[in-house]
Amino acid sequence: MKLELDPDRLFPADPQTRETARALYAAVADLPIISPHGHIDPRLLLDDEPFPDPAELFIRRDHYVTRLLHADGVDLADLGAGTSAGDDPRAIWRRFAERWHLFAGTASGYWLTHAFATLFDIDVEPDSATADVLYDTITMHLARDDYRPRALFHHFGIEVLATTDDPLDDLAAHTALAADPAFPSRVLPTFRPDAYLDPEVPGFAERVERLAAMEGTTPGDFAGYLEALESRRAYFIAHGAVSADHGVREPYTVELDEAEASALFTRALSGDMDAGAARAFRGNMLLRMAEMSSRDGLVMTIHPGVYRNHSGTTFDRFGADTGHDIPLTTTYAENLRPMLERVGLAPDLHIVLFTVDETSFSREIAPLAGFYPSLFIGAPWWFLDAPDAVQRFRSAVTETAGFYRGAGFIDDTRAFLSIPARHDMARRLDAAFLARLVREGRVSIARAERIATDLVDSLPRKVFKL
Amino acid sequence: MKLELDPDRLFPADPQTRETARALYAAVADLPIISPHGHIDPRLLLDDEPFPDPAELFIRRDHYVTRLLHADGVDLADLGAGTSAGDDPRAIWRRFAERWHLFAGTASGYWLTHAFATLFDIDVEPDSATADVLYDTITMHLARDDYRPRALFHHFGIEVLATTDDPLDDLAAHTALAADPAFPSRVLPTFRPDAYLDPEVPGFAERVERLAAMEGTTPGDFAGYLEALESRRAYFIAHGAVSADHGVREPYTVELDEAEASALFTRALSGDMDAGAARAFRGNMLLRMAEMSSRDGLVMTIHPGVYRNHSGTTFDRFGADTGHDIPLTTTYAENLRPMLERVGLAPDLHIVLFTVDETSFSREIAPLAGFYPSLFIGAPWWFLDAPDAVQRFRSAVTETAGFYRGAGFIDDTRAFLSIPARHDMARRLDAAFLARLVREGRVSIARAERIATDLVDSLPRKVFKL
Amino acid sequence: MKLELDPDRLFPADPQTRETARALYAAVADLPIISPHGHIDPRLLLDDEPFPDPAELFIRRDHYVTRLLHADGVDLADLGAGTSAGDDPRAIWRRFAERWHLFAGTASGYWLTHAFATLFDIDVEPDSATADVLYDTITMHLARDDYRPRALFHHFGIEVLATTDDPLDDLAAHTALAADPAFPSRVLPTFRPDAYLDPEVPGFAERVERLAAMEGTTPGDFAGYLEALESRRAYFIAHGAVSADHGVREPYTVELDEAEASALFTRALSGDMDAGAARAFRGNMLLRMAEMSSRDGLVMTIHPGVYRNHSGTTFDRFGADTGHDIPLTTTYAENLRPMLERVGLAPDLHIVLFTVDETSFSREIAPLAGFYPSLFIGAPWWFLDAPDAVQRFRSAVTETAGFYRGAGFIDDTRAFLSIPARHDMARRLDAAFLARLVREGRVSIARAERIATDLVDSLPRKVFKL
């Protein structure tokens, strides 16, 4: 079957509306990519080595892809997923190619199609007959200098790319990239302290001890712990970080007084903690992180509501991020209130709220961001970063919060080649949404043009302080 | 930028479907407005004074408007919002005008555009350059006799308008209006007893004491309390009321026996009440109100699921209704069951269920209203009273409950000039929805015409007993 | 008013997309019907008696129909609903006919229109004027041999039909049908053990005792109870069953050890059980059923999240399945985890997840089925088995799970004549959805054609092991 990239893809069906969408998209299609949150390893760009093979590039590391193959009965080990050793990359590719139909209509299928067509001149769908020739085609391209990471980075038009980093990371890769005159783009670290804030994550005490050692604060002391966290944030800021990211199961916050918090900290270090106490500790720490953001200016992004590593057996065999993280019901109004009572009206504080429970968009996130100057609406994330879901998102939030309480698009990806596909998708979908509002007489075409540009340019720059 | 009112606004994109929508809308566009629930002050119509200025008319009192300006960083005091003193109205207007782009795509933006274009001959968007001339244009109109409240009321084609009133209100304004031969329209009071039913609202005991004093019932006695409430309802009915409105945080109901209820009442008056007891008291009282409705015929409207006054600081500075009421997850099937077991099959009882958690439309509200003859589906309310949300609502409820379990449109507004815009919007959206069903072969055009009329005429008259 | 069946019904409005949908539908319109879950009584086909009258055929037994008439104020007794004696069938029909407008836009209205037009040559809508002539027209047809159940079964093109049966049923009707050379189609029993797994269903102990007696296991013994259940499953399998169906209020699972489970069983039989213990018992039994499915191969279907018999008064007067079953908030990720930890990766285990809380489609069901090879996405069910709801469903699940984690369409009906209408509706809606993806450049037309066929053919055969 032929693989094609429709130049009008994702635009509305009605010809007149489609024409409007086409015009709105044309004005933003070539603007630089601003990517303020994602999971690309900075060493990819520092080392600038050729990508090794199609399986490594498209399959093994992309848990959106491996999970659907797994659901179809393929063992993750046969895909080289997670911590598994991997197999002959061509064999992995074949397993994927003969199951390409599984991806029809999915977000992953859309991004892969985009990469295949725009980067590798592929014009047939993968299947068992075409698997080998496609593998060879991609491999041939990957050997070229203009397919190395830096060349692609420039080809994609990326102006800013944020990575996601451990608080104790020395950020040497970022420092080296920033110092390299041959690489003028910005690659920024992001402070991601989850494992240092949650007593229920294995290794918490040991990790907190290393934190204190690194910063020279008193080990086992709550004030010292806060001081060390703040100090690491300062280190990240000094190395270009603009945001701190929080991947909590629930966006629960609570304000504990010094004595309570300190006592819980002591219990957390000793491992003597029940679920309620751990929740209180985490809830207080999320609030404290917001306080720190109100002081040091790091944008706070909250990515809540995911049951991580749902399959114990799979986690034991292959580790985290292997396709079985499952969204949960997530609510914000009551959970965030203690934090907002504390800092919700603070000047220059920026908090971006994400969700994988789309019911919260119209019910809580838009109303909250439609009042609190500190709150912004995060782009549809993870399972919701897909054409129909994005249209549902725009429909759910815009009527309450307009276009200017959003934070712009965030690709949040580990798949380097999907970055341009994702940003292009977002721009097309916003053009499609705006074109509908124009067709329905709700927004003038002149206003729609301005909004389309703001969504990819001034809005992410403002919200992420770039 | 130009400000225009597209005569085809809100109609579907497909030309053939649009043509059908246009025809369906034309048949209802000029029918009288029936507004059985809202927040207009009756003294506005009694006094019939000119509106003072554009800021007072469009900004200060409209928390849909002030909240988005606040989210953009404007202090509510600089908007004259809530209990703040206000500023030079022209300065307030300017702050709004230069942020007009924030309202693109919002419900408020839509209503304001409608009022600007239809009432004030405005054809440019507000911005910093046009702010003053628009201010002067509106001011000039407001000085005219045909822009006084009564003249606009008639111009809008309002046949019935319900207000929302405190149970102890003497309804003098309503009485005077009803007695005024120069004002033949109906302005009806609505019984809103929330603050007399919830022990956790500050001042509960004192309020209940005044209630007993007014009705001459034994103070501190539960039976007397119920008697006084029923007596006030009778007073409202005698003054034209057709409904009682209940703005509870959750639609929880429970049936307590006389002794339990009485003991809780005693505790409530003494302020000795924990959260569980207060919940039980409220839940029992909501059920008792339904019982009273089944006896005295007042339509019961339930507007649940809102966390009121989310920002404590803002509430302390500016009071209630200042833009930080946030929807909550709301469920009905289990919460309402005790009440429905008691009176759900009672003849002539009408209960209208509203929600700001749109997930409940298809899951619970349509199935409940599709069985219980006492239950009707309230129009999309508050954050959901907007074009896309209304289409989602119709889509969510119609396949289960049809068109005839609804209660017609409710504007629920404090913004007098938005009344015609809102009703017009509802009529256009229903025409659009019906036109789609016609285009999809699901409803005949003849049937659609009949339904379109029933939705704005016979349905609200029947459900609200007008 | 005229009653017509638009040949393009349910197709998208845009002419070009509509043309594509028409082509996709044409390829599947006449494929055989596979109905792996429903509520037709097998004796209907065994006895093959003429349907008695229009009221019996279309109204009395269809709680989708009676509930909307009840909501309009008709007593269920006047419809012959549930256990009520019934009235003159013509009088029942008249009550329905004069309220036909209530069904405009509903799923039931759509199915009834399909049956009226395709089977009875009816071309006017029911109303008080046409009621009698329509009654006579239908009655006249019902007297014909080609309107007997078996003739219609063949006319509808049903290849496989599953019924739903009590575990102690001797399946004599199925045996007789299978042995009848004049009836070559497959009518399969389905094992539905709810009442044997839930201690809170009245008569639990007595039922469990009969189970033990039938299978000759030790009464009052937990191991014997499990053994008897497994033995009944084997009996069903021997009689052609391919699935076991579970209609739980919540999909809660928990793994108890032998001793705990046994102790709870003893308490369950003695009736000495609180809500928490009953929940634990049910949760453990649901997990045990999944284990049995992983051993004996019966496909497990889970239909959770319904508050059955919401109106106590109605249940007392008319029994179950009389229109007042109300959906509840339903979550899966945490509830199903113990079961999935136990058997989620088992080879050849098939579990189909249904929901009446559509928020779970994108949030939990698609992500779960997009990873676990044992999990499949059930078709939109009950209140969600309707045109708009089906489009919302496809939109919600496809971007995460694609088309191949679904289980095909399931009519789940008690209304025999609605079977072709429902399957035809599903095929039209899938064609419409696919046509939109084609128009949006997301799926090629060749791929869409293949998917359309797989959805009605290979997918249900694979998932239900037919």
# chains A, B, ... in the order shown; residues from 1 in each chain; ligands from 1
$ residues_around --residues "Gly220 in chain A" --least-positions-apart "4" --cutoff "12 Å" --atoms "only C-alpha atoms" --output "list in words"
Ala205, Glu206, Arg207, Val208, Glu209, Arg210, Leu211, Ala212, Ala213, Gly216, Gly224, Tyr225, Leu226, Ala228, Ser262, Ala263, Leu264, Phe265, Thr266, Arg267, Ala268, Leu269 and Ser270 of chain A
$ select_by_dssp --residues "range 89-289 of chain A" --states "helix (DSSP H, G or I)" --output "JSON, numbers by chain"
{"A": [89, 90, 91, 92, 93, 94, 95, 96, 97, 100, 101, 102, 103, 107, 108, 109, 110, 111, 112, 113, 114, 115, 116, 117, 118, 119, 120, 131, 132, 133, 134, 135, 136, 137, 138, 139, 140, 141, 142, 145, 146, 147, 149, 150, 151, 152, 153, 154, 155, 172, 173, 174, 175, 176, 177, 178, 179, 194, 195, 196, 197, 204, 205, 206, 207, 208, 209, 210, 211, 212, 213, 214, 215, 222, 223, 224, 225, 226, 227, 228, 229, 230, 231, 232, 233, 234, 235, 236, 237, 238, 258, 259, 260, 261, 262, 263, 264, 265, 266, 267, 268, 269, 270, 275, 276, 277, 278, 279, 280, 281, 282, 283, 284, 285, 286, 287, 288, 289]}
$ residues_around --residues "Phe153 in chain A" --least-positions-apart "5" --cutoff "12 Å" --atoms "only C-alpha atoms" --output "PyMOL selection string"
chain A and resi 32-35+40+42+44-46+48+146-148+158-161+183-187+416-420
$ closest_atom_pairs --of "chain A" --to "chain C" --cutoff "9 Å" --atoms "only C-alpha atoms" --output "JSON lines"
{"residue": "A:Met1", "atom": "CA", "partner": "C:Ala446", "partner_atom": "CA", "distance": 7.0}
{"residue": "A:Lys2", "atom": "CA", "partner": "C:Ser444", "partner_atom": "CA", "distance": 7.8}
{"residue": "A:Leu3", "atom": "CA", "partner": "C:Ser444", "partner_atom": "CA", "distance": 7.7}
{"residue": "A:Glu4", "atom": "CA", "partner": "C:Ser444", "partner_atom": "CA", "distance": 7.9}
{"residue": "A:Leu5", "atom": "CA", "partner": "C:Gly441", "partner_atom": "CA", "distance": 7.0}
{"residue": "A:Asp6", "atom": "CA", "partner": "C:Gly441", "partner_atom": "CA", "distance": 5.3}
{"residue": "A:Pro7", "atom": "CA", "partner": "C:Gly441", "partner_atom": "CA", "distance": 8.2}
{"residue": "A:Asp8", "atom": "CA", "partner": "C:Gly441", "partner_atom": "CA", "distance": 7.1}
{"residue": "A:Arg9", "atom": "CA", "partner": "C:Gly441", "partner_atom": "CA", "distance": 4.5}
{"residue": "A:Leu10", "atom": "CA", "partner": "C:Glu440", "partner_atom": "CA", "distance": 4.7}
{"residue": "A:Phe11", "atom": "CA", "partner": "C:Glu440", "partner_atom": "CA", "distance": 6.1}
{"residue": "A:Pro12", "atom": "CA", "partner": "C:Glu440", "partner_atom": "CA", "distance": 7.1}
{"residue": "A:Ala13", "atom": "CA", "partner": "C:Asp14", "partner_atom": "CA", "distance": 6.2}
{"residue": "A:Asp14", "atom": "CA", "partner": "C:Asp14", "partner_atom": "CA", "distance": 5.8}
{"residue": "A:Pro15", "atom": "CA", "partner": "C:Asp14", "partner_atom": "CA", "distance": 8.4}
{"residue": "A:Tyr64", "atom": "CA", "partner": "C:Thr400", "partner_atom": "CA", "distance": 8.5}
{"residue": "A:Thr66", "atom": "CA", "partner": "C:Phe371", "partner_atom": "CA", "distance": 8.6}
{"residue": "A:Arg67", "atom": "CA", "partner": "C:Phe371", "partner_atom": "CA", "distance": 4.9}
{"residue": "A:Leu68", "atom": "CA", "partner": "C:Gly370", "partner_atom": "CA", "distance": 5.4}
{"residue": "A:Leu69", "atom": "CA", "partner": "C:Phe371", "partner_atom": "CA", "distance": 8.1}
{"residue": "A:His70", "atom": "CA", "partner": "C:Phe371", "partner_atom": "CA", "distance": 6.1}
{"residue": "A:Ala71", "atom": "CA", "partner": "C:Pro373", "partner_atom": "CA", "distance": 4.0}
{"residue": "A:Asp72", "atom": "CA", "partner": "C:Pro373", "partner_atom": "CA", "distance": 5.8}
{"residue": "A:Gly73", "atom": "CA", "partner": "C:Pro373", "partner_atom": "CA", "distance": 5.7}
{"residue": "A:Val74", "atom": "CA", "partner": "C:Pro373", "partner_atom": "CA", "distance": 8.8}
{"residue": "A:His101", "atom": "CA", "partner": "C:Arg447", "partner_atom": "CA", "distance": 7.9}
{"residue": "A:Leu102", "atom": "CA", "partner": "C:Gly402", "partner_atom": "CA", "distance": 5.9}
{"residue": "A:Phe103", "atom": "CA", "partner": "C:Gly402", "partner_atom": "CA", "distance": 5.7}
{"residue": "A:Ala104", "atom": "CA", "partner": "C:Gly402", "partner_atom": "CA", "distance": 6.0}
{"residue": "A:Gly105", "atom": "CA", "partner": "C:Gly402", "partner_atom": "CA", "distance": 5.7}
{"residue": "A:Thr106", "atom": "CA", "partner": "C:Glu399", "partner_atom": "CA", "distance": 3.8}
{"residue": "A:Ala107", "atom": "CA", "partner": "C:Glu399", "partner_atom": "CA", "distance": 5.4}
{"residue": "A:Ser108", "atom": "CA", "partner": "C:Glu399", "partner_atom": "CA", "distance": 8.2}
{"residue": "A:Gly109", "atom": "CA", "partner": "C:Arg442", "partner_atom": "CA", "distance": 8.7}
{"residue": "A:Tyr110", "atom": "CA", "partner": "C:Arg442", "partner_atom": "CA", "distance": 6.7}
{"residue": "A:Tyr307", "atom": "CA", "partner": "C:Ala333", "partner_atom": "CA", "distance": 7.6}
{"residue": "A:His310", "atom": "CA", "partner": "C:Arg337", "partner_atom": "CA", "distance": 7.2}
{"residue": "A:Ser311", "atom": "CA", "partner": "C:Glu341", "partner_atom": "CA", "distance": 6.3}
{"residue": "A:Gly312", "atom": "CA", "partner": "C:Glu341", "partner_atom": "CA", "distance": 6.6}
{"residue": "A:Thr313", "atom": "CA", "partner": "C:Glu341", "partner_atom": "CA", "distance": 7.3}
{"residue": "A:Gly323", "atom": "CA", "partner": "C:Phe371", "partner_atom": "CA", "distance": 6.4}
{"residue": "A:His324", "atom": "CA", "partner": "C:Phe371", "partner_atom": "CA", "distance": 6.1}
{"residue": "A:Asp325", "atom": "CA", "partner": "C:Pro367", "partner_atom": "CA", "distance": 7.9}
{"residue": "A:Ile326", "atom": "CA", "partner": "C:Pro367", "partner_atom": "CA", "distance": 6.0}
{"residue": "A:Pro327", "atom": "CA", "partner": "C:Arg363", "partner_atom": "CA", "distance": 5.5}
{"residue": "A:Leu328", "atom": "CA", "partner": "C:Arg363", "partner_atom": "CA", "distance": 6.7}
{"residue": "A:Thr329", "atom": "CA", "partner": "C:Thr331", "partner_atom": "CA", "distance": 7.6}
{"residue": "A:Val356", "atom": "CA", "partner": "C:Arg363", "partner_atom": "CA", "distance": 6.7}
{"residue": "A:Asp357", "atom": "CA", "partner": "C:Arg363", "partner_atom": "CA", "distance": 5.7}
{"residue": "A:Glu358", "atom": "CA", "partner": "C:Arg363", "partner_atom": "CA", "distance": 7.5}
{"residue": "A:Thr359", "atom": "CA", "partner": "C:Thr359", "partner_atom": "CA", "distance": 6.9}
{"residue": "A:Phe383", "atom": "CA", "partner": "C:Thr400", "partner_atom": "CA", "distance": 6.1}
{"residue": "A:Leu384", "atom": "CA", "partner": "C:Ser362", "partner_atom": "CA", "distance": 8.1}
{"residue": "A:Asp385", "atom": "CA", "partner": "C:Glu399", "partner_atom": "CA", "distance": 8.9}
{"residue": "A:Ala386", "atom": "CA", "partner": "C:Glu399", "partner_atom": "CA", "distance": 6.4}
{"residue": "A:Pro387", "atom": "CA", "partner": "C:Glu399", "partner_atom": "CA", "distance": 7.9}
{"residue": "A:Asp388", "atom": "CA", "partner": "C:Ser395", "partner_atom": "CA", "distance": 6.2}
{"residue": "A:Ala389", "atom": "CA", "partner": "C:Ala396", "partner_atom": "CA", "distance": 7.3}
$ residues_around --residues "range 23-28 of chain B" --least-positions-apart "2" --cutoff "6 Å" --atoms "only C-alpha atoms" --output "count of residues only"
7
$ closest_residue --among "A:Met425, A:Leu57, A:Ala407, A:Met273" --to "His114 in chain A" --atoms "only C-alpha atoms"
A:Met425
$ atom_distance --atom1 "CA of Ala117 in chain C" --atom2 "CA of Trp93 in chain C"
17.1 Å
$ select_by_dssp --residues "range 95-292 of chain C" --states "strand (DSSP E)" --output "JSON, numbers by chain"
{"C": [158, 159, 160, 161, 162, 186, 187, 188, 243, 244, 245, 246]}
